[in-house]
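File shown: entry-v3.cif (mmCIF, C-alpha atoms and all ligand atoms).
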data_target
#
loop_
_atom_site.label_atom_id
_atom_site.label_comp_id
_atom_site.auth_asym_id
_atom_site.auth_seq_id
_atom_site.Cartn_x
_atom_site.Cartn_y
_atom_site.Cartn_z
CA MET A 1 40.98 -29.62 1.28
CA ASP A 2 39.85 -30.11 4.87
CA ILE A 3 36.07 -30.05 5.03
CA GLY A 4 34.61 -30.20 8.49
CA TYR A 5 32.99 -28.10 11.18
CA ARG A 6 36.01 -25.81 11.58
CA SER A 7 35.66 -23.10 8.96
CA CYS A 8 32.61 -24.92 7.61
CA GLU A 9 32.27 -25.34 3.84
CA LEU A 10 29.98 -28.36 3.90
CA CYS A 11 27.32 -26.76 1.72
CA PRO A 12 27.53 -24.38 -1.26
CA ARG A 13 27.07 -21.36 1.01
CA ARG A 14 30.64 -22.02 2.26
CA CYS A 15 30.11 -19.51 5.03
CA GLY A 16 33.24 -20.53 6.96
CA ALA A 17 31.73 -20.58 10.46
CA ASP A 18 33.86 -22.27 13.10
CA ARG A 19 31.14 -24.54 14.41
CA THR A 20 33.60 -26.22 16.82
CA ARG A 21 33.75 -22.95 18.75
CA GLY A 22 30.04 -22.36 18.94
CA GLU A 23 29.80 -20.15 15.87
CA LEU A 24 26.61 -20.66 13.90
CA GLY A 25 26.80 -20.33 10.14
CA TRP A 26 24.04 -19.36 7.75
CA CYS A 27 22.19 -22.59 8.64
CA ARG A 28 22.34 -21.70 12.38
CA CYS A 29 23.54 -25.24 13.19
CA GLY A 30 26.37 -26.05 15.58
CA ASP A 31 28.53 -29.17 15.63
CA GLU A 32 26.08 -31.26 17.68
CA LEU A 33 23.70 -33.48 15.73
CA ARG A 34 20.06 -32.43 16.13
CA LEU A 35 17.31 -34.84 15.19
CA ALA A 36 13.58 -34.11 14.94
CA PHE A 37 12.08 -37.51 14.25
CA GLY A 38 12.90 -41.14 13.49
CA GLY A 39 10.50 -43.84 12.40
CA LEU A 40 9.38 -46.39 9.83
CA HIS A 41 8.01 -44.43 6.90
CA PHE A 42 5.73 -46.02 4.31
CA GLY A 43 5.23 -42.97 2.07
CA GLU A 44 8.55 -42.95 0.22
CA GLU A 45 8.97 -44.42 -3.27
CA PRO A 46 7.86 -48.11 -3.30
CA PRO A 47 11.38 -49.65 -3.58
CA LEU A 48 12.39 -47.70 -0.48
CA SER A 49 9.26 -48.25 1.60
CA GLU A 50 8.00 -51.72 0.83
CA PRO A 51 7.38 -53.88 2.69
CA GLY A 52 8.97 -52.99 6.05
CA GLY A 53 9.07 -49.20 5.79
CA SER A 54 11.99 -46.85 5.31
CA GLY A 55 13.96 -46.18 8.51
CA THR A 56 13.70 -42.44 8.14
CA LEU A 57 15.65 -39.92 10.21
CA PHE A 58 14.65 -36.25 9.89
CA PHE A 59 17.45 -33.88 10.91
CA SER A 60 16.87 -30.35 12.19
CA GLY A 61 18.05 -27.38 10.16
CA CYS A 62 18.78 -27.03 6.44
CA PRO A 63 21.45 -25.14 4.50
CA LEU A 64 18.97 -24.32 1.71
CA GLY A 65 15.92 -23.21 3.70
CA CYS A 66 13.14 -23.06 1.09
CA PRO A 67 10.35 -20.75 2.28
CA THR A 68 7.87 -23.27 0.84
CA CYS A 69 9.31 -26.37 2.56
CA GLN A 70 6.66 -28.78 3.82
CA ASN A 71 9.01 -29.63 6.72
CA ILE A 72 9.49 -25.98 7.66
CA GLN A 73 8.89 -26.70 11.35
CA ILE A 74 12.19 -28.58 11.43
CA SER A 75 14.09 -26.98 8.55
CA SER A 76 13.62 -23.34 9.48
CA ARG A 77 16.70 -21.35 10.52
CA ARG A 78 14.74 -19.95 13.45
CA ASP A 79 13.53 -22.23 16.25
CA SER A 80 13.66 -25.42 14.23
CA LEU A 81 12.16 -28.29 16.21
CA GLY A 82 14.62 -30.97 17.28
CA LYS A 83 16.83 -32.25 20.05
CA GLY A 84 20.55 -32.98 20.37
CA ILE A 85 21.52 -36.62 19.93
CA SER A 86 24.98 -38.16 20.36
CA GLU A 87 26.67 -40.12 17.59
CA LYS A 88 26.42 -43.28 19.71
CA GLU A 89 22.68 -42.77 20.31
CA LEU A 90 22.07 -42.20 16.62
CA ALA A 91 24.02 -45.35 15.68
CA ASP A 92 21.90 -47.25 18.26
CA LEU A 93 18.76 -45.82 16.65
CA CYS A 94 19.89 -47.01 13.19
CA LEU A 95 20.35 -50.52 14.58
CA ASP A 96 16.98 -50.32 16.35
CA LEU A 97 15.27 -49.37 13.06
CA GLN A 98 16.98 -52.30 11.35
CA ASN A 99 15.75 -54.66 14.10
CA ARG A 100 12.20 -53.33 13.58
CA GLY A 101 12.32 -54.39 9.94
CA ALA A 102 13.35 -51.16 8.20
CA GLU A 103 14.28 -51.66 4.55
CA ASN A 104 16.96 -48.97 4.76
CA ILE A 105 18.23 -46.02 6.79
CA ASN A 106 16.97 -42.85 5.13
CA LEU A 107 18.93 -39.73 6.14
CA VAL A 108 16.77 -36.69 5.41
CA THR A 109 18.72 -33.44 4.95
CA GLY A 110 21.99 -34.41 6.57
CA THR A 111 24.25 -32.11 4.50
CA HIS A 112 25.19 -29.86 7.42
CA TYR A 113 26.08 -32.90 9.59
CA ILE A 114 28.14 -34.94 7.10
CA PRO A 115 31.23 -35.47 9.34
CA SER A 116 29.07 -36.68 12.27
CA LEU A 117 26.92 -38.89 10.04
CA ALA A 118 30.01 -40.53 8.54
CA ALA A 119 31.15 -41.40 12.08
CA VAL A 120 27.66 -42.69 13.00
CA LEU A 121 27.45 -44.94 9.94
CA HIS A 122 30.98 -46.32 10.47
CA ASP A 123 30.08 -47.21 14.05
CA ALA A 124 26.66 -48.69 13.21
CA LYS A 125 28.06 -50.76 10.33
CA GLN A 126 30.79 -52.14 12.59
CA ARG A 127 28.05 -53.17 15.01
CA GLY A 128 25.95 -54.96 12.37
CA LEU A 129 24.05 -52.38 10.32
CA GLU A 130 23.57 -54.06 6.93
CA ILE A 131 20.55 -52.44 5.28
CA PRO A 132 21.16 -49.87 2.51
CA ILE A 133 21.79 -46.25 3.42
CA VAL A 134 19.74 -43.60 1.59
CA TRP A 135 20.98 -40.02 1.26
CA ASN A 136 17.82 -37.92 0.95
CA SER A 137 18.62 -34.32 0.10
CA SER A 138 17.55 -31.09 -1.56
CA GLY A 139 20.42 -31.31 -4.05
CA TYR A 140 21.94 -28.18 -2.52
CA GLU A 141 25.27 -29.89 -1.84
CA ARG A 142 28.94 -29.88 -2.66
CA PRO A 143 30.46 -33.02 -4.24
CA GLU A 144 33.64 -32.31 -2.21
CA ALA A 145 31.60 -32.73 0.98
CA LEU A 146 29.69 -35.77 -0.30
CA GLU A 147 33.04 -37.48 -0.91
CA LEU A 148 33.41 -37.68 2.89
CA ILE A 149 30.40 -39.98 3.16
CA HIS A 150 29.99 -41.46 -0.34
CA SER A 151 31.54 -44.85 0.49
CA LEU A 152 28.84 -45.33 3.14
CA ILE A 153 25.86 -44.41 0.95
CA ASP A 154 23.99 -46.85 -1.29
CA ILE A 155 21.11 -44.87 -2.75
CA TYR A 156 20.88 -41.15 -3.45
CA LEU A 157 17.37 -39.71 -3.32
CA VAL A 158 18.11 -36.20 -4.49
CA ASP A 159 15.82 -33.34 -5.52
CA LEU A 160 16.14 -31.36 -8.68
CA LYS A 161 13.60 -28.69 -7.82
CA THR A 162 14.23 -26.43 -10.80
CA LEU A 163 16.91 -25.37 -13.25
CA ASN A 164 15.43 -21.90 -13.56
CA PHE A 165 17.08 -19.13 -11.53
CA GLU A 166 13.93 -17.07 -11.19
CA THR A 167 11.83 -20.04 -10.05
CA ALA A 168 14.59 -21.00 -7.61
CA GLY A 169 14.62 -17.49 -6.15
CA ARG A 170 10.89 -17.65 -5.59
CA PHE A 171 10.40 -21.20 -4.31
CA CYS A 172 13.81 -22.15 -2.88
CA GLY A 173 14.80 -18.73 -1.56
CA HIS A 174 18.11 -18.97 -3.43
CA PRO A 175 18.59 -18.17 -7.15
CA MET A 176 21.86 -20.13 -7.24
CA TYR A 177 20.18 -23.40 -6.27
CA PRO A 178 20.09 -24.74 -9.88
CA GLU A 179 23.84 -24.47 -10.35
CA ALA A 180 24.61 -26.41 -7.15
CA ALA A 181 21.88 -29.00 -7.69
CA GLU A 182 22.97 -29.69 -11.26
CA ASP A 183 26.59 -30.24 -10.13
CA THR A 184 25.39 -32.52 -7.34
CA LEU A 185 23.18 -34.61 -9.61
CA ARG A 186 25.89 -34.97 -12.25
CA TRP A 187 28.30 -36.13 -9.55
CA VAL A 188 26.02 -38.65 -7.81
CA ILE A 189 24.80 -40.10 -11.13
CA SER A 190 28.35 -40.60 -12.41
CA HIS A 191 29.54 -42.09 -9.07
CA THR A 192 26.57 -44.38 -8.30
CA PRO A 193 25.64 -46.84 -11.06
CA ALA A 194 22.35 -48.59 -10.42
CA ASP A 195 22.40 -52.10 -9.02
CA TYR A 196 19.44 -54.39 -8.40
CA HIS A 197 19.13 -57.46 -6.21
CA ASN A 198 16.16 -59.73 -6.99
CA GLY A 199 14.65 -56.84 -8.94
CA ARG A 200 15.03 -54.44 -6.03
CA LEU A 201 17.13 -51.28 -6.23
CA VAL A 202 20.08 -51.65 -3.83
CA LYS A 203 22.37 -48.97 -5.27
CA GLY A 204 21.76 -46.00 -7.48
CA VAL A 205 20.10 -42.63 -7.80
CA ILE A 206 16.49 -41.53 -7.66
CA LEU A 207 16.03 -37.98 -8.88
CA ARG A 208 13.01 -36.37 -7.25
CA HIS A 209 11.14 -33.49 -8.76
CA LEU A 210 8.26 -31.73 -7.05
CA LEU A 211 5.95 -29.77 -9.32
CA PHE A 212 5.60 -26.16 -8.26
CA PRO A 213 2.24 -24.51 -8.96
CA HIS A 214 1.94 -22.97 -12.42
CA GLU A 215 5.59 -23.80 -13.22
CA LEU A 216 5.17 -26.47 -15.90
CA ALA A 217 7.83 -24.79 -18.06
CA SER A 218 10.32 -25.24 -15.23
CA THR A 219 9.28 -28.90 -14.87
CA ARG A 220 9.73 -29.34 -18.62
CA GLU A 221 13.33 -28.11 -18.31
CA VAL A 222 14.01 -30.62 -15.52
CA LEU A 223 12.51 -33.49 -17.51
CA ARG A 224 14.57 -32.58 -20.56
CA TRP A 225 17.71 -32.44 -18.39
CA PHE A 226 16.89 -35.85 -16.93
CA SER A 227 16.32 -37.41 -20.36
CA LEU A 228 19.78 -36.21 -21.45
CA ASN A 229 21.79 -36.65 -18.24
CA GLY A 230 19.91 -39.12 -16.05
CA GLY A 231 21.87 -42.22 -17.11
CA ASP A 232 20.41 -45.19 -15.23
CA ALA A 233 18.88 -43.03 -12.49
CA LEU A 234 15.14 -43.29 -11.81
CA LEU A 235 12.80 -40.33 -11.86
CA SER A 236 10.27 -39.67 -9.12
CA LEU A 237 7.65 -37.00 -9.77
CA MET A 238 5.83 -35.58 -6.79
CA GLN A 239 2.78 -33.39 -6.84
CA GLN A 240 2.09 -32.73 -3.17
CA PHE A 241 3.18 -29.10 -3.18
CA ILE A 242 2.03 -27.40 0.00
CA ASP A 243 2.73 -23.79 0.76
CA PRO A 244 3.02 -23.41 4.53
CA LEU A 245 2.09 -19.74 4.09
CA GLY A 246 -1.09 -20.74 2.29
CA VAL A 247 -0.53 -18.28 -0.56
CA LEU A 248 0.16 -20.66 -3.44
CA LYS A 249 -2.11 -23.42 -4.53
CA ALA A 250 -1.06 -26.60 -6.27
CA ASP A 251 -1.95 -26.89 -9.93
CA TRP A 252 -3.81 -30.18 -10.05
CA GLU A 253 -4.72 -29.63 -13.70
CA ALA A 254 -1.12 -30.27 -14.71
CA GLU A 255 -1.22 -34.07 -14.67
CA GLY A 256 -2.24 -34.53 -18.32
CA ASP A 257 0.51 -32.17 -19.51
CA LEU A 258 2.98 -33.98 -17.33
CA LEU A 259 2.24 -37.37 -18.88
CA ASP A 260 2.62 -35.81 -22.35
CA MET A 261 6.03 -34.45 -21.37
CA LEU A 262 7.19 -37.84 -20.10
CA ASP A 263 6.19 -39.28 -23.47
CA GLU A 264 7.91 -36.48 -25.37
CA PHE A 265 11.21 -37.09 -23.57
CA GLY A 266 10.92 -40.89 -23.67
CA ILE A 267 11.05 -41.24 -19.87
CA GLN A 268 9.60 -44.58 -18.91
CA LYS A 269 11.20 -45.73 -15.68
CA GLY A 270 10.28 -44.13 -12.40
CA PHE A 271 7.45 -43.15 -10.13
CA ILE A 272 4.67 -40.63 -10.18
CA GLN A 273 2.93 -39.80 -6.96
CA GLU A 274 -0.84 -40.03 -7.01
CA LEU A 275 -2.75 -36.90 -6.22
CA GLY A 276 -4.37 -36.77 -2.84
CA ASP A 277 -5.67 -34.66 -0.04
CA ASP A 278 -3.28 -31.75 0.76
CA GLU A 279 -3.53 -32.35 4.48
CA LEU A 280 -2.34 -35.92 4.15
CA TRP A 281 1.08 -34.73 3.07
CA MET A 282 1.64 -31.97 5.59
CA PRO A 283 3.56 -33.36 8.57
CA ASP A 284 3.20 -31.84 12.01
CA PHE A 285 6.42 -32.42 13.94
CA ASN A 286 4.77 -31.25 17.18
CA ARG A 287 2.89 -34.54 17.24
CA LEU A 288 4.46 -37.81 18.39
CA ASN A 289 3.67 -39.14 14.93
CA PRO A 290 3.93 -36.21 12.50
CA PHE A 291 2.39 -38.27 9.68
CA PRO A 292 -0.91 -40.11 9.19
CA GLU A 293 -0.92 -43.43 11.07
CA THR A 294 -0.93 -45.48 7.86
CA PHE A 295 2.17 -43.64 6.64
CA CYS A 296 4.49 -43.94 9.58
CA LYS A 297 5.34 -45.77 12.78
CA PRO A 298 7.18 -43.44 15.14
CA VAL A 299 10.28 -44.71 16.96
CA TRP A 300 12.07 -41.54 18.15
CA ASN A 301 10.68 -38.04 18.58
CA TRP A 302 12.33 -34.81 19.70
CA ASN A 303 9.60 -34.25 22.30
CA GLY A 304 8.91 -37.90 23.09
S1 LIG B 401 26.51 -26.16 6.39
FE1 LIG B 401 25.86 -24.32 7.51
S2 LIG B 401 27.72 -23.58 8.53
FE2 LIG B 401 28.36 -25.00 6.90
S3 LIG B 401 28.76 -23.76 5.07
FE3 LIG B 401 26.62 -24.42 4.96
S4 LIG B 401 25.42 -22.79 5.93
FE4 LIG B 401 27.57 -22.51 6.53
#
Please express what this file holds, its structure, as structure tokens.
Amino acid sequence: MDIGYRSCELCPRRCGADRTRGELGWCRCGDELRLAFGGLHFGEEPPLSEPGGSGTLFFSGCPLGCPTCQNIQISSRRDSLGKGISEKELADLCLDLQNRGAENINLVTGTHYIPSLAAVLHDAKQRGLEIPIVWNSSGYERPEALELIHSLIDIYLVDLKTLNFETAGRFCGHPMYPEAAEDTLRWVISHTPADYHNGRLVKGVILRHLLFPHELASTREVLRWFSLNGGDALLSLMQQFIDPLGVLKADWEAEGDLLDMLDEFGIQKGFIQELGDDELWMPDFNRLNPFPETFCKPVWNWNG
């Protein structure tokens, strides 16, 4: 199977747009890479951020397009913020981040650019890029497309937002999300055994789950799935739900129940994000540094 920008089937929507001829598929992305922000990020899971920061690259556009995305300024199908960047420039940026002490290169939502990112990573590695590569995604992927880039990826940081169709329809805008995400997680877990160097994760999978407000039953399903299928993957629980529309409020009361569920399923290894001020977590990609100063050092910005 030929998976690329011609008759695009890179994500589970498989909409078949010929992006090489200027057609825009469901995601409204062409065949030119668009980047919104690059910098050293200190707010990812500790093994990815400490001590030098994660060399994080936020791409524009998203094939899933959750209406509740905290990065909606850059992920939206309409007027997503970002700027075209050549493969050579992006490889240079990866090397620049490495020179600035980045612990890894963290590709955030690159699914719709897989062929270009494979070329970028090949080039950057040939020119000396040695730090681990992190694939940071919604889980809305196709293993057939991930095969194009798998040999270049060290750590998968992949969401499992929900396994419930109704919850997925409401929060992810797509009831079929669970099916795709489950396939993706099964594939990355079976293809990426964990490896540690001096106690530090250098290869493997971190499954991320963000609690949706008043959806503890959905979270319970995810935790049960992880306890049965997670293998040597780590679990990262996040609680910073922010609804850009301001309609839904996070359920801060859930923490006690959550700890009980972790006990119930015998899940001991992983991370749980501390609760904090909502505003702290909401990036603004119109600013040169979209994040709080202590969280991020900007290196590249679409409007910089
Ligand atoms: S990545 Fe975009 S163009 Fe390609 S199949 Fe998915 S939605 Fe369509």
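Separating CA of Cys8 (chain A) from CA of Pro175 (chain A) is a distance of 21.4 Å.
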Surroundings of ligand LIG 401 (chain B) up to 8 Å, based on all atoms listed in the file, as a PyMOL selection string: chain A and resi 5+7-19+24-30+62-64+111-113
Interatomic distance, CA of His150 (chain A) to CA of Lys269 (chain A) (Å, one decimal):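 According to the coordinates, CA of His150 (chain A) and CA of Lys269 (chain A) are separated by 24.6 Å.
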Point (3.4, -36.5, 8.5), cut-off 12 Å, counting all atoms listed in the file, residues as number ranges by chain: A: 37-44, 56, 58, 70-71, 73, 278-298
Go through region 19-55 of chain A and flag each residue having an atom no more than 12 Å from region 206-218 of chain A; for those, report the closest pair of atoms plus their distance in Å to one decimal, using only C-alpha atoms, ordered by chain and rising number, as a tab-separated table.
residue	atom	partner	partner_atom	distance
A:Glu44	CA	A:Arg208	CA	10.9
A:Glu45	CA	A:Ile206	CA	9.2
A:Pro46	CA	A:Ile206	CA	11.7
A:Pro47	CA	A:Ile206	CA	10.4
A:Leu48	CA	A:Ile206	CA	10.3
Option closest in space to Ala124 (chain A), from A:Leu234, A:Leu97, A:Val108, A:Ala91 [counting all atoms listed in the file]: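 Of A:Leu234, A:Leu97, A:Val108, A:Ala91, the one nearest Ala124 (chain A), counting all atoms listed in the file, is A:Ala91.
Note that the spacing between CA of Gln98 (chain A) and CA of Leu57 (chain A) amounts to 12.5 Å.
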Spatial neighbours of Asn99 (chain A), 12 Å, all atoms listed in the file, chain gap at least 6 places, as a list of chain:residue names: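 The filter keeps A:Leu40, A:Gly52, A:Gly53, A:Gly55, A:Asp92, A:Leu93, A:Ile105, A:Gly128, A:Leu129, A:Glu130, A:Ile131, A:Val299.
For the set A:Arg186, A:Ile155, A:Pro115, A:Thr68, the residue with the smallest atom-to-atom gap to Asn136 (chain A) is A:Ile155, counting all atoms listed in the file.
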Contacts of region 229-232 of chain A within 10 Å, only C-alpha atoms, excl. fewer than 6 positions in-chain, as a PyMOL selection string: chain A and resi 182+185-186+189-190+192-195+204-207+223+267+269
Selection: 8 Å around Met176 (chain A), only C-alpha atoms, excl. self and same-chain fewer than 5 positions, as a VMD selection string: chain A and resid 165 168 to 169
Residue nearest Ala233 (chain A) among A:Met261, A:Val120, A:Leu157, A:Ala180 (counting only C-alpha atoms): A:Leu157
